[in-house]
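Trainee: Compact mmCIF, C-alpha atoms and all ligand atoms, saved as coords19.txt, coming up:
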# COMPACT_ATOMS: atom_id res chain seq x y z
CA MET A 1 -135.95 50.13 -13.61
CA LYS A 2 -134.68 50.88 -17.09
CA ALA A 3 -136.74 49.21 -19.79
CA ALA A 4 -135.29 46.39 -21.85
CA GLN A 5 -134.41 47.18 -25.42
CA VAL A 6 -136.84 45.97 -28.04
CA GLY A 7 -136.17 45.79 -31.73
CA ALA A 8 -136.62 43.90 -34.96
CA SER A 9 -134.97 40.79 -33.50
CA GLU A 10 -137.62 40.51 -30.75
CA TYR A 11 -140.39 40.72 -33.33
CA ASP A 12 -138.61 38.14 -35.49
CA ALA A 13 -138.36 35.82 -32.48
CA ARG A 14 -142.10 36.17 -31.83
CA ILE A 15 -142.93 35.45 -35.48
CA ARG A 16 -140.64 32.38 -35.56
CA ARG A 17 -142.15 31.04 -32.35
CA ALA A 18 -145.68 31.57 -33.68
CA ASP A 19 -144.78 29.54 -36.78
CA ASP A 20 -143.22 26.76 -34.65
CA LEU A 21 -146.21 26.55 -32.32
CA ALA A 22 -148.66 26.65 -35.22
CA SER A 23 -147.23 23.40 -36.57
CA LYS A 24 -147.13 21.86 -33.09
CA HIS A 25 -150.66 22.83 -31.98
CA PRO A 26 -153.14 22.55 -34.88
CA PHE A 27 -155.95 23.93 -32.68
CA ALA A 28 -154.04 27.22 -32.38
CA ALA A 29 -152.70 27.38 -35.95
CA GLU A 30 -155.25 29.86 -37.26
CA VAL A 31 -154.79 32.23 -34.31
CA LEU A 32 -150.98 32.03 -34.55
CA ARG A 33 -150.82 32.56 -38.33
CA PHE A 34 -152.98 35.65 -37.92
CA TYR A 35 -150.79 36.84 -35.04
CA SER A 36 -147.68 36.45 -37.26
CA GLN A 37 -149.16 38.90 -39.75
CA VAL A 38 -149.99 41.36 -36.97
CA ALA A 39 -146.44 41.04 -35.60
CA GLU A 40 -144.96 41.71 -39.08
CA PHE A 41 -146.94 44.93 -39.21
CA GLN A 42 -145.94 45.85 -35.64
CA LYS A 43 -142.28 45.27 -36.48
CA LYS A 44 -142.48 47.74 -39.39
CA LEU A 45 -144.45 50.30 -37.38
CA TYR A 46 -141.93 50.08 -34.54
CA ALA A 47 -139.05 50.73 -36.94
CA GLU A 48 -140.82 53.65 -38.65
CA VAL A 49 -141.73 55.44 -35.44
CA LYS A 50 -138.29 54.78 -34.01
CA LYS A 51 -136.77 56.43 -37.08
CA ASP A 52 -139.07 59.46 -36.66
CA LEU A 53 -137.84 59.79 -33.08
CA SER A 54 -134.15 59.28 -33.79
CA GLY A 55 -132.07 62.29 -32.89
CA LYS A 56 -134.65 63.42 -30.34
CA SER A 57 -133.61 62.79 -26.77
CA SER A 58 -136.09 61.09 -24.43
CA GLU A 59 -136.77 64.47 -22.85
CA GLY A 60 -137.52 65.95 -26.26
CA VAL A 61 -140.08 63.32 -27.23
CA HIS A 62 -143.37 65.04 -27.86
CA ILE A 63 -145.42 62.03 -26.91
CA PRO A 64 -145.32 61.60 -23.14
CA PHE A 65 -145.52 57.92 -22.36
CA ARG A 66 -148.66 58.33 -20.25
CA PRO A 67 -151.33 59.39 -19.73
CA GLY A 68 -151.98 61.53 -22.77
CA LEU A 69 -151.27 61.18 -26.48
CA PRO A 70 -151.40 64.72 -27.91
CA ALA A 71 -153.85 65.20 -30.79
CA ALA A 72 -151.10 66.31 -33.19
CA GLU A 73 -149.15 63.09 -32.58
CA ALA A 74 -152.27 60.93 -32.97
CA ILE A 75 -153.11 62.66 -36.27
CA LYS A 76 -149.63 61.81 -37.61
CA LEU A 77 -150.33 58.13 -36.91
CA LEU A 78 -153.60 57.98 -38.89
CA PRO A 79 -152.10 56.99 -42.28
CA LYS A 80 -150.32 54.10 -40.53
CA LEU A 81 -153.60 53.13 -38.85
CA THR A 82 -155.24 53.00 -42.29
CA SER A 83 -152.60 50.52 -43.51
CA PHE A 84 -153.16 48.43 -40.39
CA LEU A 85 -156.94 48.39 -40.88
CA ASN A 86 -156.49 47.25 -44.50
CA LEU A 87 -154.34 44.36 -43.32
CA ILE A 88 -156.83 43.30 -40.64
CA GLU A 89 -159.78 43.48 -43.03
CA GLN A 90 -157.94 41.05 -45.33
CA ALA A 91 -156.24 38.74 -42.84
CA ALA A 92 -158.42 38.55 -39.74
CA PRO A 93 -161.18 36.13 -38.78
CA PRO A 94 -164.64 37.56 -39.63
CA ALA A 95 -165.40 39.24 -36.26
CA LEU A 96 -162.10 41.15 -36.19
CA ALA A 97 -162.32 42.01 -39.89
CA ALA A 98 -165.73 43.53 -39.20
CA ALA A 99 -164.27 45.54 -36.30
CA ALA A 100 -161.54 46.84 -38.65
CA ARG A 101 -164.15 47.82 -41.25
CA ALA A 102 -166.13 49.68 -38.59
CA VAL A 103 -163.04 51.68 -37.57
CA SER A 104 -162.18 52.34 -41.26
CA ASN A 105 -165.60 53.91 -41.70
CA LEU A 106 -165.06 56.37 -38.84
CA ASP A 107 -164.02 59.93 -39.65
CA ALA A 108 -160.48 61.07 -38.83
CA THR A 109 -161.52 62.76 -35.57
CA SER A 110 -163.15 59.59 -34.25
CA GLN A 111 -160.14 57.50 -35.25
CA ARG A 112 -157.84 59.91 -33.47
CA CYS A 113 -160.06 59.78 -30.34
CA LEU A 114 -159.97 55.96 -30.43
CA LEU A 115 -156.16 56.00 -30.36
CA GLN A 116 -156.05 58.62 -27.63
CA ALA A 117 -158.61 56.79 -25.48
CA TYR A 118 -156.72 53.51 -25.73
CA TRP A 119 -153.41 55.24 -25.00
CA GLU A 120 -154.91 56.65 -21.81
CA LEU A 121 -156.79 53.56 -20.58
CA GLY A 122 -155.02 50.61 -22.19
CA GLY A 123 -153.90 48.04 -19.65
CA VAL A 124 -155.27 50.17 -16.81
CA ASN A 125 -159.00 50.39 -17.11
CA ASP A 126 -159.92 48.45 -20.21
CA GLN A 127 -161.11 45.24 -18.57
CA LEU A 128 -164.74 46.15 -19.21
CA VAL A 129 -164.10 46.30 -22.96
CA GLY A 130 -164.26 42.90 -24.67
CA PRO A 131 -161.14 41.57 -26.40
CA PHE A 132 -162.61 42.16 -29.88
CA ALA A 133 -163.56 45.80 -29.24
CA GLN A 134 -160.10 46.71 -27.97
CA PHE A 135 -158.14 44.62 -30.45
CA ILE A 136 -157.63 47.34 -33.10
CA PRO A 137 -156.19 50.11 -30.90
CA ARG A 138 -154.35 47.61 -28.72
CA ALA A 139 -152.56 45.80 -31.55
CA PHE A 140 -151.75 49.13 -33.22
CA ALA A 141 -150.53 50.87 -30.06
CA GLN A 142 -148.48 47.94 -28.72
CA PRO A 143 -145.26 48.64 -30.67
CA LEU A 144 -145.54 52.35 -29.81
CA ALA A 145 -145.95 51.51 -26.13
CA GLU A 146 -142.95 49.16 -26.31
CA LEU A 147 -140.91 51.87 -27.97
CA PHE A 148 -141.83 54.58 -25.47
CA ALA A 149 -141.20 52.21 -22.57
CA THR A 150 -137.63 51.76 -23.78
CA ARG A 151 -137.19 55.54 -23.56
CA THR A 152 -138.57 55.78 -20.03
CA THR A 153 -136.97 55.14 -16.67
CA ALA A 154 -139.24 54.23 -13.78
CA PRO A 155 -138.79 55.92 -10.42
CA PRO A 156 -137.11 53.60 -7.88
CA ALA A 157 -139.77 51.45 -6.21
CA MET A 158 -140.13 51.24 -2.42
CA SER A 159 -141.74 47.80 -2.65
CA THR A 160 -142.89 45.40 -5.37
CA PRO A 161 -145.31 47.39 -7.52
CA HIS A 162 -148.66 45.74 -8.37
CA ASP A 163 -148.76 47.41 -11.76
CA CYS A 164 -146.14 48.26 -14.37
CA PRO A 165 -143.67 50.78 -12.92
CA LEU A 166 -143.24 52.38 -16.36
CA CYS A 167 -146.82 52.89 -17.51
CA GLY A 168 -149.19 51.71 -14.76
CA GLY A 169 -150.55 48.82 -16.86
CA GLN A 170 -151.85 45.63 -15.24
CA PRO A 171 -149.88 42.39 -15.46
CA LEU A 172 -150.67 40.41 -18.61
CA LEU A 173 -148.58 37.36 -17.77
CA GLY A 174 -146.16 35.97 -15.29
CA VAL A 175 -142.73 34.89 -16.49
CA LEU A 176 -140.36 32.62 -14.58
CA ARG A 177 -136.81 33.32 -15.69
CA PRO A 178 -133.96 30.99 -14.69
CA GLU A 179 -131.98 32.27 -11.72
CA GLY A 180 -129.69 30.10 -9.62
CA ASP A 181 -131.40 26.74 -9.06
CA GLY A 182 -134.89 28.03 -9.62
CA GLY A 183 -136.89 30.69 -11.35
CA LYS A 184 -137.37 34.35 -10.65
CA ARG A 185 -140.95 35.52 -10.95
CA ARG A 186 -141.57 38.56 -13.11
CA MET A 187 -144.69 40.15 -14.48
CA MET A 188 -145.12 41.35 -18.06
CA CYS A 189 -147.13 44.52 -18.62
CA SER A 190 -150.34 44.27 -20.68
CA PHE A 191 -149.71 47.69 -22.26
CA CYS A 192 -145.97 48.16 -22.84
CA LEU A 193 -144.85 44.49 -22.49
CA GLN A 194 -141.98 45.33 -20.15
CA GLU A 195 -141.26 43.02 -17.21
CA TRP A 196 -140.74 43.80 -13.56
CA ASP A 197 -139.79 41.68 -10.54
CA TYR A 198 -142.64 40.21 -8.55
CA ARG A 199 -143.12 38.34 -5.27
CA ARG A 200 -143.27 34.59 -5.83
CA ILE A 201 -146.26 33.82 -3.58
CA TYR A 202 -148.67 36.69 -4.08
CA CYS A 203 -151.97 37.20 -5.94
CA PRO A 204 -151.64 40.29 -8.16
CA ALA A 205 -155.40 40.83 -8.03
CA CYS A 206 -156.18 40.77 -4.29
CA GLY A 207 -152.83 40.47 -2.53
CA GLU A 208 -153.46 36.99 -1.09
CA ALA A 209 -150.10 35.68 0.14
CA ASP A 210 -151.13 32.36 1.76
CA GLU A 211 -149.63 29.63 -0.39
CA LYS A 212 -152.48 27.22 0.47
CA LYS A 213 -154.97 29.60 -1.18
CA LEU A 214 -152.90 29.99 -4.35
CA PRO A 215 -153.05 26.62 -6.13
CA VAL A 216 -151.06 26.24 -9.33
CA TYR A 217 -152.25 23.96 -12.15
CA VAL A 218 -150.10 22.62 -14.97
CA ALA A 219 -151.57 20.64 -17.87
CA GLU A 220 -149.63 17.73 -19.38
CA GLN A 221 -149.98 19.32 -22.81
CA PHE A 222 -148.17 22.53 -21.68
CA PRO A 223 -145.61 21.55 -19.04
CA HIS A 224 -144.06 25.03 -19.15
CA ILE A 225 -147.25 26.98 -18.55
CA ARG A 226 -148.60 27.48 -15.03
CA VAL A 227 -152.16 28.50 -14.32
CA GLU A 228 -151.71 30.39 -11.06
CA THR A 229 -155.10 30.68 -9.41
CA CYS A 230 -156.34 32.42 -6.28
CA GLU A 231 -159.09 30.81 -4.19
CA THR A 232 -159.76 34.11 -2.44
CA CYS A 233 -160.69 36.21 -5.49
CA LYS A 234 -160.99 33.53 -8.23
CA ILE A 235 -158.69 35.51 -10.54
CA TYR A 236 -155.85 33.70 -12.28
CA VAL A 237 -152.60 34.63 -13.99
CA ARG A 238 -150.89 32.49 -16.57
CA THR A 239 -147.14 32.16 -16.13
CA ILE A 240 -144.68 30.97 -18.75
CA ASP A 241 -141.94 28.98 -17.05
CA LEU A 242 -138.72 29.53 -18.98
CA THR A 243 -136.87 27.16 -16.63
CA LYS A 244 -138.94 24.37 -18.22
CA ASP A 245 -138.72 25.55 -21.83
CA GLY A 246 -135.99 28.01 -22.70
CA ASN A 247 -137.31 28.36 -26.27
CA ALA A 248 -140.65 29.73 -25.16
CA VAL A 249 -141.52 33.32 -26.08
CA PRO A 250 -143.97 34.25 -23.32
CA LEU A 251 -146.19 36.55 -25.39
CA VAL A 252 -146.62 33.91 -28.10
CA ASP A 253 -146.80 30.76 -25.98
CA ASP A 254 -149.63 32.43 -24.08
CA LEU A 255 -151.61 32.99 -27.30
CA ALA A 256 -151.35 29.29 -28.16
CA ALA A 257 -152.57 27.97 -24.79
CA ILE A 258 -156.25 28.04 -25.75
CA PRO A 259 -157.21 24.83 -23.84
CA LEU A 260 -155.98 26.40 -20.58
CA THR A 261 -158.38 29.31 -21.05
CA LEU A 262 -161.28 26.91 -21.50
CA TRP A 263 -160.17 24.92 -18.45
CA ALA A 264 -160.04 28.05 -16.29
CA GLN A 265 -163.47 29.21 -17.46
CA GLU A 266 -164.96 25.80 -16.67
CA HIS A 267 -163.49 25.97 -13.17
CA GLY A 268 -164.83 29.43 -12.43
CA TYR A 269 -161.60 31.45 -12.73
CA THR A 270 -161.34 34.80 -14.51
CA ARG A 271 -158.12 35.95 -16.09
CA LEU A 272 -156.59 39.11 -14.61
CA HIS A 273 -155.95 40.61 -18.02
CA SER A 274 -156.79 39.00 -21.35
CA ASN A 275 -154.20 38.67 -24.12
CA LEU A 276 -154.40 40.43 -27.48
CA LEU A 277 -156.58 37.78 -29.11
CA GLY A 278 -158.62 36.78 -26.05
CA THR A 279 -157.12 33.29 -26.07
ZN ZN B 1 -146.15 48.99 -18.86
ZN ZN B 2 -156.58 36.88 -5.34
Kindly return the structure encoded in the file as structure tokens.

Mentor:
Amino acid sequence: MKAAQVGASEYDARIRRADDLASKHPFAAEVLRFYSQVAEFQKKLYAEVKKDLSGKSSEGVHIPFRPGLPAAEAIKLLPKLTSFLNLIEQAAPPALAAAARAVSNLDATSQRCLLQAYWELGGVNDQLVGPFAQFIPRAFAQPLAELFATRTTAPPAMSTPHDCPLCGGQPLLGVLRPEGDGGKRRMMCSFCLQEWDYRRIYCPACGEADEKKLPVYVAEQFPHIRVETCETCKIYVRTIDLTKDGNAVPLVDDLAAIPLTLWAQEHGYTRLHSNLLGT
């Protein structure tokens, strides 16, 4: 699998979709307006780092995609992290602004370690960390992970991989993309946001493949979003169905679907991997 190209136009599409959904769903407006500001920053960071890397071949990139982020590379990112923290302190809801202030007050070594720790564990072993604690390194590292994924080629897979073939991250979301008369199921990585093909009837948490134990719920309010549950392990994955709404931008439509998160919690389901804002 060769990663899809990402660039300014993808970020612009996310920002536009966030603005559209904010006017459509007042309950999600605050979350989406904040996300737009984060995505503007990510777009700039992506472009800056891409420029730094231009001319270097993929083999010559000093930052291996995983598992490690060398200290020298992390140190180079610290001034950009400072700009990001300033933005979050000004724009974020109080809990996230406080998290940004706490990171701002760390010394440079601790900030570097925070980036390195997230780069190693993000999307793989971060489920024990709450969404607020991981927000800062996750939002900051996301464009870097997207960029490095585009410069990586996964080894050919023998069977459908459970986790991202490029970086080992867990699935964040399912995506149904139009193919023939139906939809092809793909998974989007929680760390590098790349997609890979996935079996249609299969729980990514426990491997349940009996359709009767994998009920799918769709709310009237979001006809293009499927809550794909598993009765065996009680984990669910949210899937954005692009055959139902071709304008959807999976990453952003997921952030807006706050009522579906509440519904799943009330019914005893736990999400496989939370989104950036825990919505
Ligand atoms: Zn990945
Ligand atoms: Zn399961």

Trainee: Just want the 12 Å neighbourhood of segment 133-135 of chain A, counted on all atoms listed in the file, with same-chain residues fewer than 4 positions away dropped. Output as a ChimeraX atom specification.

Mentor: /A:35,38,84-85,88,92,95-100,102-103,114-115,117-119,121-123,125-129,139-142,191,274-278

Trainee: How about saving the chosen residues, C-alpha atoms kept, as a PDB file, keeping the file's coordinate frame?

Mentor:
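Below is the file again-v7.pdb, written as the result:
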ATOM      1  CA  TYR A  35    -150.790  36.840 -35.040  1.00  0.00           C
ATOM      2  CA  VAL A  38    -149.990  41.360 -36.970  1.00  0.00           C
ATOM      3  CA  PHE A  84    -153.160  48.430 -40.390  1.00  0.00           C
ATOM      4  CA  LEU A  85    -156.940  48.390 -40.880  1.00  0.00           C
ATOM      5  CA  ILE A  88    -156.830  43.300 -40.640  1.00  0.00           C
ATOM      6  CA  ALA A  92    -158.420  38.550 -39.740  1.00  0.00           C
ATOM      7  CA  ALA A  95    -165.400  39.240 -36.260  1.00  0.00           C
ATOM      8  CA  LEU A  96    -162.100  41.150 -36.190  1.00  0.00           C
ATOM      9  CA  ALA A  97    -162.320  42.010 -39.890  1.00  0.00           C
ATOM     10  CA  ALA A  98    -165.730  43.530 -39.200  1.00  0.00           C
ATOM     11  CA  ALA A  99    -164.270  45.540 -36.300  1.00  0.00           C
ATOM     12  CA  ALA A 100    -161.540  46.840 -38.650  1.00  0.00           C
ATOM     13  CA  ALA A 102    -166.130  49.680 -38.590  1.00  0.00           C
ATOM     14  CA  VAL A 103    -163.040  51.680 -37.570  1.00  0.00           C
ATOM     15  CA  LEU A 114    -159.970  55.960 -30.430  1.00  0.00           C
ATOM     16  CA  LEU A 115    -156.160  56.000 -30.360  1.00  0.00           C
ATOM     17  CA  ALA A 117    -158.610  56.790 -25.480  1.00  0.00           C
ATOM     18  CA  TYR A 118    -156.720  53.510 -25.730  1.00  0.00           C
ATOM     19  CA  TRP A 119    -153.410  55.240 -25.000  1.00  0.00           C
ATOM     20  CA  LEU A 121    -156.790  53.560 -20.580  1.00  0.00           C
ATOM     21  CA  GLY A 122    -155.020  50.610 -22.190  1.00  0.00           C
ATOM     22  CA  GLY A 123    -153.900  48.040 -19.650  1.00  0.00           C
ATOM     23  CA  ASN A 125    -159.000  50.390 -17.110  1.00  0.00           C
ATOM     24  CA  ASP A 126    -159.920  48.450 -20.210  1.00  0.00           C
ATOM     25  CA  GLN A 127    -161.110  45.240 -18.570  1.00  0.00           C
ATOM     26  CA  LEU A 128    -164.740  46.150 -19.210  1.00  0.00           C
ATOM     27  CA  VAL A 129    -164.100  46.300 -22.960  1.00  0.00           C
ATOM     28  CA  ALA A 139    -152.560  45.800 -31.550  1.00  0.00           C
ATOM     29  CA  PHE A 140    -151.750  49.130 -33.220  1.00  0.00           C
ATOM     30  CA  ALA A 141    -150.530  50.870 -30.060  1.00  0.00           C
ATOM     31  CA  GLN A 142    -148.480  47.940 -28.720  1.00  0.00           C
ATOM     32  CA  PHE A 191    -149.710  47.690 -22.260  1.00  0.00           C
ATOM     33  CA  SER A 274    -156.790  39.000 -21.350  1.00  0.00           C
ATOM     34  CA  ASN A 275    -154.200  38.670 -24.120  1.00  0.00           C
ATOM     35  CA  LEU A 276    -154.400  40.430 -27.480  1.00  0.00           C
ATOM     36  CA  LEU A 277    -156.580  37.780 -29.110  1.00  0.00           C
ATOM     37  CA  GLY A 278    -158.620  36.780 -26.050  1.00  0.00           C
TER      38      GLY A 278
END

Trainee: Distance limit 10 Å, reference ligand ZN 1 (chain B), atoms considered: only C-alpha atoms and all ligand atoms. Which residues make the cut? Give them as a ChimeraX atom specification.

Mentor: /A:3,65-66,122-124,145-146,148-149,163-172,187-196

Trainee: Which one is closest to ligand ZN 2 (chain B): A:Phe27, A:Tyr198, A:Tyr236, A:Phe222? Count only C-alpha atoms and all ligand atoms.

Mentor: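 Among A:Phe27, A:Tyr198, A:Tyr236, A:Phe222, it is A:Tyr236 that comes nearest to ligand ZN 2 (chain B).
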
Trainee: List all protein, DNA and RNA residues that have an atom no more than 9 Å from any atom of ligand ZN 2 (chain B), counting all atoms listed in the file, and report them as a list of chain:residue names.

Mentor: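 Written in the requested form, the residues are A:Tyr202, A:Cys203, A:Pro204, A:Ala205, A:Cys206, A:Gly207, A:Glu208, A:Ala209, A:Lys213, A:Leu214, A:Thr229, A:Cys230, A:Glu231, A:Thr232, A:Cys233, A:Lys234, A:Ile235, A:Tyr236.
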
Trainee: Could you write out the selected residues, including C-alpha atoms, as a tab-separated table (two decimals), in the frame of the given file?

Mentor:
chain	number	residue	atom	x	y	z
A	202	TYR	CA	-148.67	36.69	-4.08
A	203	CYS	CA	-151.97	37.20	-5.94
A	204	PRO	CA	-151.64	40.29	-8.16
A	205	ALA	CA	-155.40	40.83	-8.03
A	206	CYS	CA	-156.18	40.77	-4.29
A	207	GLY	CA	-152.83	40.47	-2.53
A	208	GLU	CA	-153.46	36.99	-1.09
A	209	ALA	CA	-150.10	35.68	0.14
A	213	LYS	CA	-154.97	29.60	-1.18
A	214	LEU	CA	-152.90	29.99	-4.35
A	229	THR	CA	-155.10	30.68	-9.41
A	230	CYS	CA	-156.34	32.42	-6.28
A	231	GLU	CA	-159.09	30.81	-4.19
A	232	THR	CA	-159.76	34.11	-2.44
A	233	CYS	CA	-160.69	36.21	-5.49
A	234	LYS	CA	-160.99	33.53	-8.23
A	235	ILE	CA	-158.69	35.51	-10.54
A	236	TYR	CA	-155.85	33.70	-12.28

Trainee: Between atom CA of Val175 of chain A and atom CA of Leu45 of chain A, what is the spacing in Å?

Mentor: 26.0 Å

Trainee: In Å, how far is it from atom CA of Ala264 of chain A to atom CA of Pro223 of chain A?

Mentor: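 One can read the atom CA of Ala264 of chain A to atom CA of Pro223 of chain A distance as 16.1 Å.
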
Trainee: Identify which of the residues A:Ile240, A:Ala13, A:Ala257, A:Ala71 lies closest to Ser36 of chain A, counting only C-alpha atoms when measuring atom-to-atom distances.

Mentor: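 Distance minimum relative to Ser36 of chain A lands on A:Ala13.
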
Trainee: Can you work out which one of A:Pro259, A:Val237, A:Leu144, A:Tyr11 has the shortest atom-to-atom distance to Ala74 of chain A, counting all atoms listed in the file?

Mentor: A:Leu144

Trainee: Taking only C-alpha atoms into account, name the residue in A:Thr270, A:Leu147, A:Gly174, A:Ile15 that is nearest to His224 of chain A.

Mentor: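 For His224 of chain A, the nearest of the given residues is A:Gly174.
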
Trainee: If I take atom CA of Arg238 of chain A and atom CA of Ile225 of chain A, how far is one from the other in Å, to one decimal?

Mentor: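 Result for atom CA of Arg238 of chain A versus atom CA of Ile225 of chain A: 6.9 Å, one decimal.
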
Trainee: List as a PyMOL selection string the protein and nucleic acid residues near Lys76 of chain A, meaning an atom at most 12 Å away when all atoms listed in the file are counted, but skip any in the same chain fewer than 6 places from it.

Mentor: chain A and resi 49+52+63+69-70+82+108+111-112+115

Trainee: Once you count all atoms listed in the file, which residues end up no further than 12 Å from (-147.8, 23.2, -18.8) in the file's frame, shown as a list in words?

Mentor: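 Nearby residues: Val216, Tyr217, Val218, Ala219, Glu220, Gln221, Phe222, Pro223, His224, Ile225, Arg226, Val227, Glu228, Arg238, Thr239, Ile240, Asp241, Leu242, Thr243, Lys244, Asp245, Ala248, Asp253, Asp254, Ala256, Ala257, Ile258, Pro259 and Leu260 of chain A.
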